[in-house]
Amino acid sequence: MTFGAAISDAEALRLTDDERALFREMNPFGFILFARNIESADQVRALCDDFREAVGRNCPITIDQEGGRVQRLRAPLAREWMPPLDHAERAREHAERAMYLRYRLIAHELFELGIDSNCAPMVDVARTETHAFLRNRCYGSDADSIAQLGRAVARGHLDGGVLPVVKHMPGHGRATLDTHFDLPRVDLTLEELTQTDFAPFKALNDLPMAMTAHLVFEQIDPTPATISAPMMKVIREVIGFDGLVMTDDISMKALSGLVSERAAQALHAGCDVVLHCNGSFAERRDVLEAAGQMTEAAQARADRALAMRKKPAELDIEATEAELSALMGGQVYER
């Protein structure tokens with residue numbers, strides 16, 4: 001079976017008849033959940049079942065559950081985590097283990113609800129100029145330590161049966177604008193970027209899935225990385241990533257034109273699958289039609305990624321929380 005080259009979403013708490021019919025017809029690779037799709041544990045499980053029944057397979061269902069400001073699941077369905085940067089800084093020399101435990105618990109929360117992918121780790125390099133929408137979601141400002149923490153985060157997910165999606169490739173940390181509303185530009189050479197912003201992604205180039213960044217790297221190509229063939233070449237050849245590349249949400253205002261046009265541009269540039277969120281039903285259909293089916297190479301990458309979904313290892317929740325609390329000096333969650 002060849003998958004549709006898109007990840008789609010739903011309007012509400014359960015699929016409508018029209019959404020079921022659309023997804024059955026277009027067979028998107030997977031789906032993503034937002035706060036509007038979340039009410040209770042039973043409802044989330046039922047919605048995940050809706051998605052999988054519509055496409056007739058165990059499709060991946062992802063979410064943004066970084067912890068801190070960006071977490072779609074909130075109490076009582078999930079722990080209220082402090083921002084990742086605060087977590088890593090508080091744990092200090094224990095940060096690698098603390099981040100593993102944090103995301104092992106997050107993976108457990110997700111898997112229990114039927115969610116088997118998460119848009120993390122985020123290994124963008126934080127800087128003083130990094131826009132506030134991104135900065136405290138980062139893990140630090142040193143590329144080597146960020147890569148180590150990103151590896152720990154990925155292991156926490158995989159041990160919990162959840163596929164990690166490393167983001168925002170090839171690097172978002174120099175953004176001084178919020179890509180939900182504007183298009184940031186970076187004016188550094190490929191050599192400079194390879195030594196800095198791209199380095200954590202190169203260290204994690206064996207992970208199964210990655211999400212692009214809507215940034216312009218002016219000295220490489222004047223178009224945003226998500227729709228740039230030269231930037232996709234950088235991702236594949238310089239960073240060396242041969243996993244499944246999904247776009248960041250193509251409805252964000254950093255990109256321009258109709259969402260169907262953006263989808264076609266991203267796939268033409270070399271992305272494997274288009275992520276489309278928060279659109280109307282008509283826009284969802286337009287994007288799914290524009291995306292069409294995965295290429296043979298994209299399908300192979302998708303199959304390899306899905307093969308990394310494993311049954312979760314057993315987890316002693318009480319012992320895990322106790323160890324994490326000890327590493328964090330007693331403060332684990334947001335107060």
# chains A, B, ... in the order shown; residues from 1 in each chain; ligands from 1
>>> residues_around(residues="segment 116-132 of chain A", least_positions_apart="6", cutoff="8 Å", atoms="only C-alpha atoms", output="mmCIF file with C-alpha atoms, in the first residue's frame")
data_model
loop_
_atom_site.group_PDB
_atom_site.id
_atom_site.type_symbol
_atom_site.label_atom_id
_atom_site.label_comp_id
_atom_site.auth_asym_id
_atom_site.auth_seq_id
_atom_site.Cartn_x
_atom_site.Cartn_y
_atom_site.Cartn_z
ATOM 1 C CA PRO A 60 1.004 7.047 12.893
ATOM 2 C CA ILE A 61 -0.745 9.697 14.971
ATOM 3 C CA THR A 62 1.468 12.521 16.180
ATOM 4 C CA ILE A 63 1.210 15.524 18.468
ATOM 5 C CA ASP A 64 3.285 18.439 19.793
ATOM 6 C CA GLN A 65 3.984 17.402 23.373
ATOM 7 C CA GLU A 66 7.274 19.086 24.174
ATOM 8 C CA ALA A 107 5.852 8.698 25.727
ATOM 9 C CA LEU A 110 0.916 9.410 24.692
ATOM 10 C CA CYS A 138 15.381 24.588 23.148
ATOM 11 C CA TYR A 139 17.716 22.387 25.193
ATOM 12 C CA GLY A 140 20.677 24.771 25.389
ATOM 13 C CA SER A 141 23.176 26.780 23.396
ATOM 14 C CA ASP A 142 26.018 24.261 22.909
ATOM 15 C CA ALA A 143 25.598 22.063 19.842
ATOM 16 C CA ILE A 146 22.115 19.628 22.624
ATOM 17 C CA ALA A 147 22.833 16.584 20.476
ATOM 18 C CA GLY A 150 18.317 15.147 21.818
ATOM 19 C CA ARG A 151 19.562 11.565 21.711
ATOM 20 C CA VAL A 153 14.881 12.451 24.302
ATOM 21 C CA ALA A 154 14.683 10.213 21.231
ATOM 22 C CA HIS A 157 10.297 8.097 23.022
ATOM 23 C CA GLY A 161 6.727 2.909 21.684
ATOM 24 C CA VAL A 162 6.558 6.434 20.257
ATOM 25 C CA LEU A 163 8.322 7.672 17.112
ATOM 26 C CA PRO A 164 10.363 10.865 17.661
ATOM 27 C CA VAL A 165 10.325 13.629 15.050
ATOM 28 C CA VAL A 166 13.516 15.705 15.272
ATOM 29 C CA LYS A 167 12.970 19.376 14.530
ATOM 30 C CA HIS A 168 13.375 21.947 13.048
ATOM 31 C CA GLY A 171 18.114 24.525 12.356
ATOM 32 C CA HIS A 172 15.729 27.176 13.647
ATOM 33 C CA GLY A 173 17.697 28.771 16.472
ATOM 34 C CA ARG A 174 18.760 31.913 14.591
ATOM 35 C CA ALA A 175 15.142 32.894 13.915
ATOM 36 C CA THR A 176 14.374 36.350 15.283
ATOM 37 C CA LEU A 177 10.795 36.210 13.981
ATOM 38 C CA ASP A 178 7.921 33.842 14.724
ATOM 39 C CA THR A 196 26.948 25.350 14.452
ATOM 40 C CA ASP A 197 23.207 25.137 13.790
ATOM 41 C CA PRO A 200 22.997 18.586 16.312
ATOM 42 C CA PHE A 201 20.942 17.379 13.355
ATOM 43 C CA MET A 211 10.448 18.241 10.510
ATOM 44 C CA ARG A 309 7.626 1.485 16.345
#
>>> residues_around(residues="Leu77 of chain A", least_positions_apart="3", cutoff="10 Å", atoms="only C-alpha atoms", output="PyMOL selection string")
chain A and resi 38-41+72-74+80+109-110+113
>>> write_last_selection(atoms="N, CA and C atoms", output="PDB file, in the first residue's frame")
ATOM      1  N   ILE A  38      -9.022  17.343  21.924  1.00  0.00           N
ATOM      2  CA  ILE A  38      -8.759  16.654  23.187  1.00  0.00           C
ATOM      3  C   ILE A  38      -9.751  17.085  24.253  1.00  0.00           C
ATOM      4  N   GLU A  39     -10.476  16.099  24.788  1.00  0.00           N
ATOM      5  CA  GLU A  39     -11.425  16.360  25.871  1.00  0.00           C
ATOM      6  C   GLU A  39     -11.229  15.397  27.029  1.00  0.00           C
ATOM      7  N   SER A  40     -11.140  14.102  26.728  1.00  0.00           N
ATOM      8  CA  SER A  40     -10.980  13.075  27.752  1.00  0.00           C
ATOM      9  C   SER A  40     -10.154  11.930  27.185  1.00  0.00           C
ATOM     10  N   ALA A  41      -9.697  11.048  28.069  1.00  0.00           N
ATOM     11  CA  ALA A  41      -8.878   9.916  27.623  1.00  0.00           C
ATOM     12  C   ALA A  41      -9.661   9.018  26.668  1.00  0.00           C
ATOM     13  N   ARG A  72      -0.016  19.825  23.936  1.00  0.00           N
ATOM     14  CA  ARG A  72      -1.450  19.795  23.630  1.00  0.00           C
ATOM     15  C   ARG A  72      -2.238  19.081  24.708  1.00  0.00           C
ATOM     16  N   LEU A  73      -1.634  18.069  25.315  1.00  0.00           N
ATOM     17  CA  LEU A  73      -2.275  17.363  26.422  1.00  0.00           C
ATOM     18  C   LEU A  73      -1.950  18.081  27.714  1.00  0.00           C
ATOM     19  N   ARG A  74      -2.968  18.389  28.480  1.00  0.00           N
ATOM     20  CA  ARG A  74      -2.810  19.074  29.752  1.00  0.00           C
ATOM     21  C   ARG A  74      -3.425  18.237  30.872  1.00  0.00           C
ATOM     22  N   GLU A  80       2.002  18.452  33.859  1.00  0.00           N
ATOM     23  CA  GLU A  80       2.274  19.826  33.431  1.00  0.00           C
ATOM     24  C   GLU A  80       3.771  20.082  33.570  1.00  0.00           C
ATOM     25  N   GLU A 109       2.497   8.561  28.523  1.00  0.00           N
ATOM     26  CA  GLU A 109       1.224   9.275  28.483  1.00  0.00           C
ATOM     27  C   GLU A 109       0.594   9.208  27.089  1.00  0.00           C
ATOM     28  N   LEU A 110       1.417   9.409  26.060  1.00  0.00           N
ATOM     29  CA  LEU A 110       0.916   9.410  24.692  1.00  0.00           C
ATOM     30  C   LEU A 110       0.434   8.029  24.273  1.00  0.00           C
ATOM     31  N   LEU A 113      -2.899   6.717  25.205  1.00  0.00           N
ATOM     32  CA  LEU A 113      -4.044   7.348  24.542  1.00  0.00           C
ATOM     33  C   LEU A 113      -4.156   6.963  23.063  1.00  0.00           C
TER      34      LEU A 113
END
>>> closest_residue(among="A:Leu105, A:Leu85, A:Ala225, A:Ser251", to="Glu318 of chain A", atoms="only C-alpha atoms")
A:Leu105
>>> closest_residue(among="A:Ala88, A:Met26, A:Ala290, A:Ala54", to="Thr2 of chain A", atoms="only C-alpha atoms")
A:Met26
>>> closest_residue(among="A:Asp316, A:Asp221, A:Asp86, A:Asp206", to="Asp187 of chain A", atoms="only C-alpha atoms")
A:Asp221
>>> select_by_dssp(residues="segment 5-174 of chain A", states="strand (DSSP E or B)", output="ChimeraX atom specification")
/A:5-8,28-32,61-62,65-67,70-71,81,117-118,122,163-169
>>> atom_distance(atom1="atom CA of Arg284 of chain A", atom2="atom CA of Leu134 of chain A")
26.9 Å
>>> closest_residue(among="A:Gly4, A:Gly279, A:Gly156, A:Pro224", to="Tyr100 of chain A", atoms="only C-alpha atoms")
A:Gly156
>>> residues_around(residues="Trp81 of chain A", least_positions_apart="5", cutoff="10 Å", atoms="only C-alpha atoms", output="list in words")
Gln65, Glu66, Gly67, Gly68, Arg69, Val70, Gln71, Arg74, Ala75, Asp86, His87, Arg102, Ile106, Val332, Tyr333, Glu334 and Arg335 of chain A
>>> write_last_selection(atoms="N, CA, C and O atoms", output="tab-separated table (two decimals), in the first residue's frame")
chain	number	residue	atom	x	y	z
A	65	GLN	N	3.99	17.55	21.92
A	65	GLN	CA	3.98	17.40	23.37
A	65	GLN	C	5.42	17.56	23.89
A	65	GLN	O	6.04	16.63	24.37
A	66	GLU	N	5.92	18.79	23.72
A	66	GLU	CA	7.27	19.09	24.17
A	66	GLU	C	7.33	19.21	25.69
A	66	GLU	O	8.33	18.91	26.32
A	67	GLY	N	6.25	19.69	26.28
A	67	GLY	CA	6.23	20.11	27.67
A	67	GLY	C	6.48	21.61	27.74
A	67	GLY	O	7.11	22.20	26.87
A	68	GLY	N	5.95	22.23	28.78
A	68	GLY	CA	6.02	23.69	28.87
A	68	GLY	C	4.91	24.32	28.07
A	68	GLY	O	3.77	23.84	28.04
A	69	ARG	N	5.24	25.38	27.35
A	69	ARG	CA	4.22	26.13	26.61
A	69	ARG	C	3.62	25.31	25.49
A	69	ARG	O	2.44	25.46	25.16
A	70	VAL	N	4.42	24.44	24.88
A	70	VAL	CA	3.93	23.65	23.76
A	70	VAL	C	3.64	22.22	24.22
A	70	VAL	O	4.51	21.35	24.21
A	71	GLN	N	2.45	22.02	24.72
A	71	GLN	CA	1.96	20.67	25.00
A	71	GLN	C	0.45	20.68	24.85
A	71	GLN	O	-0.24	21.46	25.48
A	74	ARG	N	-2.97	18.39	28.48
A	74	ARG	CA	-2.81	19.07	29.75
A	74	ARG	C	-3.42	18.24	30.87
A	74	ARG	O	-4.11	17.26	30.63
A	75	ALA	N	-3.16	18.65	32.11
A	75	ALA	CA	-3.77	17.97	33.25
A	75	ALA	C	-5.29	17.99	33.11
A	75	ALA	O	-5.85	18.98	32.61
A	86	ASP	N	14.31	25.13	30.77
A	86	ASP	CA	14.34	25.22	32.23
A	86	ASP	C	14.64	23.86	32.84
A	86	ASP	O	15.39	23.75	33.82
A	87	HIS	N	14.06	22.81	32.27
A	87	HIS	CA	14.26	21.45	32.77
A	87	HIS	C	15.73	21.06	32.66
A	87	HIS	O	16.34	20.57	33.63
A	102	ARG	N	12.06	12.33	31.57
A	102	ARG	CA	10.94	13.22	31.24
A	102	ARG	C	10.19	12.70	30.01
A	102	ARG	O	8.95	12.56	30.02
A	106	ILE	N	6.51	11.10	29.13
A	106	ILE	CA	5.64	11.68	28.10
A	106	ILE	C	5.23	10.61	27.09
A	106	ILE	O	4.05	10.52	26.71
A	332	VAL	N	9.94	18.97	39.54
A	332	VAL	CA	9.87	18.29	38.25
A	332	VAL	C	8.88	18.97	37.33
A	332	VAL	O	9.13	19.13	36.14
A	333	TYR	N	7.75	19.39	37.86
A	333	TYR	CA	6.67	19.91	37.03
A	333	TYR	C	6.49	21.40	37.21
A	333	TYR	O	6.99	22.01	38.16
A	334	GLU	N	5.76	22.01	36.30
A	334	GLU	CA	5.48	23.44	36.36
A	334	GLU	C	4.59	23.72	37.56
A	334	GLU	O	3.63	23.01	37.83
A	335	ARG	N	4.93	24.74	38.31
A	335	ARG	CA	4.13	25.09	39.49
A	335	ARG	C	3.02	26.06	39.13
A	335	ARG	O	3.16	26.83	38.20
>>> closest_residue(among="A:Arg104, A:Arg285, A:Arg236, A:Arg185", to="His214 of chain A", atoms="only C-alpha atoms")
A:Arg185
>>> residues_around(residues="Thr179 of chain A", least_positions_apart="3", cutoff="7 Å", atoms="only C-alpha atoms", output="number ranges by chain")
A: 182-184, 214, 252-254
>>> select_by_dssp(residues="segment 39-96 of chain A", states="alpha helix (DSSP H)", output="ChimeraX atom specification")
/A:41-55,84-91,95-96
>>> write_last_selection(atoms="N, CA and C atoms", output="tab-separated table (two decimals), in the first residue's frame")
chain	number	residue	atom	x	y	z
A	41	ALA	N	-9.70	11.05	28.07
A	41	ALA	CA	-8.88	9.92	27.62
A	41	ALA	C	-9.66	9.02	26.67
A	42	ASP	N	-10.88	8.69	27.03
A	42	ASP	CA	-11.69	7.81	26.18
A	42	ASP	C	-11.97	8.46	24.83
A	43	GLN	N	-12.22	9.77	24.84
A	43	GLN	CA	-12.50	10.47	23.58
A	43	GLN	C	-11.27	10.49	22.68
A	44	VAL	N	-10.07	10.73	23.25
A	44	VAL	CA	-8.85	10.75	22.43
A	44	VAL	C	-8.60	9.38	21.82
A	45	ARG	N	-8.77	8.33	22.62
A	45	ARG	CA	-8.59	6.97	22.09
A	45	ARG	C	-9.59	6.70	20.95
A	46	ALA	N	-10.81	7.17	21.13
A	46	ALA	CA	-11.84	6.95	20.11
A	46	ALA	C	-11.50	7.70	18.82
A	47	LEU	N	-10.97	8.93	18.96
A	47	LEU	CA	-10.59	9.69	17.78
A	47	LEU	C	-9.42	9.01	17.06
A	48	CYS	N	-8.44	8.52	17.81
A	48	CYS	CA	-7.34	7.79	17.19
A	48	CYS	C	-7.86	6.56	16.45
A	49	ASP	N	-8.83	5.88	17.04
A	49	ASP	CA	-9.46	4.74	16.36
A	49	ASP	C	-10.16	5.19	15.08
A	50	ASP	N	-10.82	6.35	15.14
A	50	ASP	CA	-11.48	6.90	13.95
A	50	ASP	C	-10.49	7.07	12.81
A	51	PHE	N	-9.35	7.69	13.11
A	51	PHE	CA	-8.33	7.91	12.08
A	51	PHE	C	-7.89	6.59	11.47
A	52	ARG	N	-7.58	5.63	12.30
A	52	ARG	CA	-7.03	4.36	11.81
A	52	ARG	C	-8.08	3.55	11.07
A	53	GLU	N	-9.30	3.62	11.51
A	53	GLU	CA	-10.36	2.92	10.79
A	53	GLU	C	-10.59	3.55	9.42
A	54	ALA	N	-10.47	4.88	9.34
A	54	ALA	CA	-10.72	5.58	8.07
A	54	ALA	C	-9.72	5.15	7.00
A	55	VAL	N	-8.44	4.96	7.38
A	55	VAL	CA	-7.43	4.59	6.39
A	55	VAL	C	-7.18	3.09	6.34
A	84	PRO	N	11.35	22.92	28.30
A	84	PRO	CA	12.53	22.06	28.17
A	84	PRO	C	13.83	22.73	28.59
A	85	LEU	N	14.03	24.01	28.22
A	85	LEU	CA	15.28	24.67	28.58
A	85	LEU	C	15.40	24.80	30.09
A	86	ASP	N	14.31	25.13	30.77
A	86	ASP	CA	14.34	25.22	32.23
A	86	ASP	C	14.64	23.86	32.84
A	87	HIS	N	14.06	22.81	32.27
A	87	HIS	CA	14.26	21.45	32.77
A	87	HIS	C	15.73	21.06	32.66
A	88	ALA	N	16.31	21.28	31.49
A	88	ALA	CA	17.71	20.91	31.27
A	88	ALA	C	18.64	21.71	32.17
A	89	GLU	N	18.37	23.02	32.31
A	89	GLU	CA	19.24	23.86	33.13
A	89	GLU	C	19.12	23.50	34.61
A	90	ARG	N	17.93	23.16	35.06
A	90	ARG	CA	17.75	22.79	36.46
A	90	ARG	C	18.45	21.47	36.78
A	91	ALA	N	18.43	20.55	35.84
A	91	ALA	CA	19.05	19.24	36.06
A	91	ALA	C	20.58	19.30	36.01
A	95	ALA	N	21.36	16.40	33.29
A	95	ALA	CA	20.36	16.75	32.28
A	95	ALA	C	20.07	15.61	31.32
A	96	GLU	N	21.08	14.86	30.90
A	96	GLU	CA	20.84	13.80	29.93
A	96	GLU	C	19.88	12.75	30.48
>>> atom_distance(atom1="atom CA of Ile235 of chain A", atom2="atom CA of Gln219 of chain A")
15.3 Å
>>> closest_residue(among="A:Arg36, A:His268, A:Lys311, A:Arg24", to="Ala12 of chain A", atoms="only C-alpha atoms")
A:Arg36
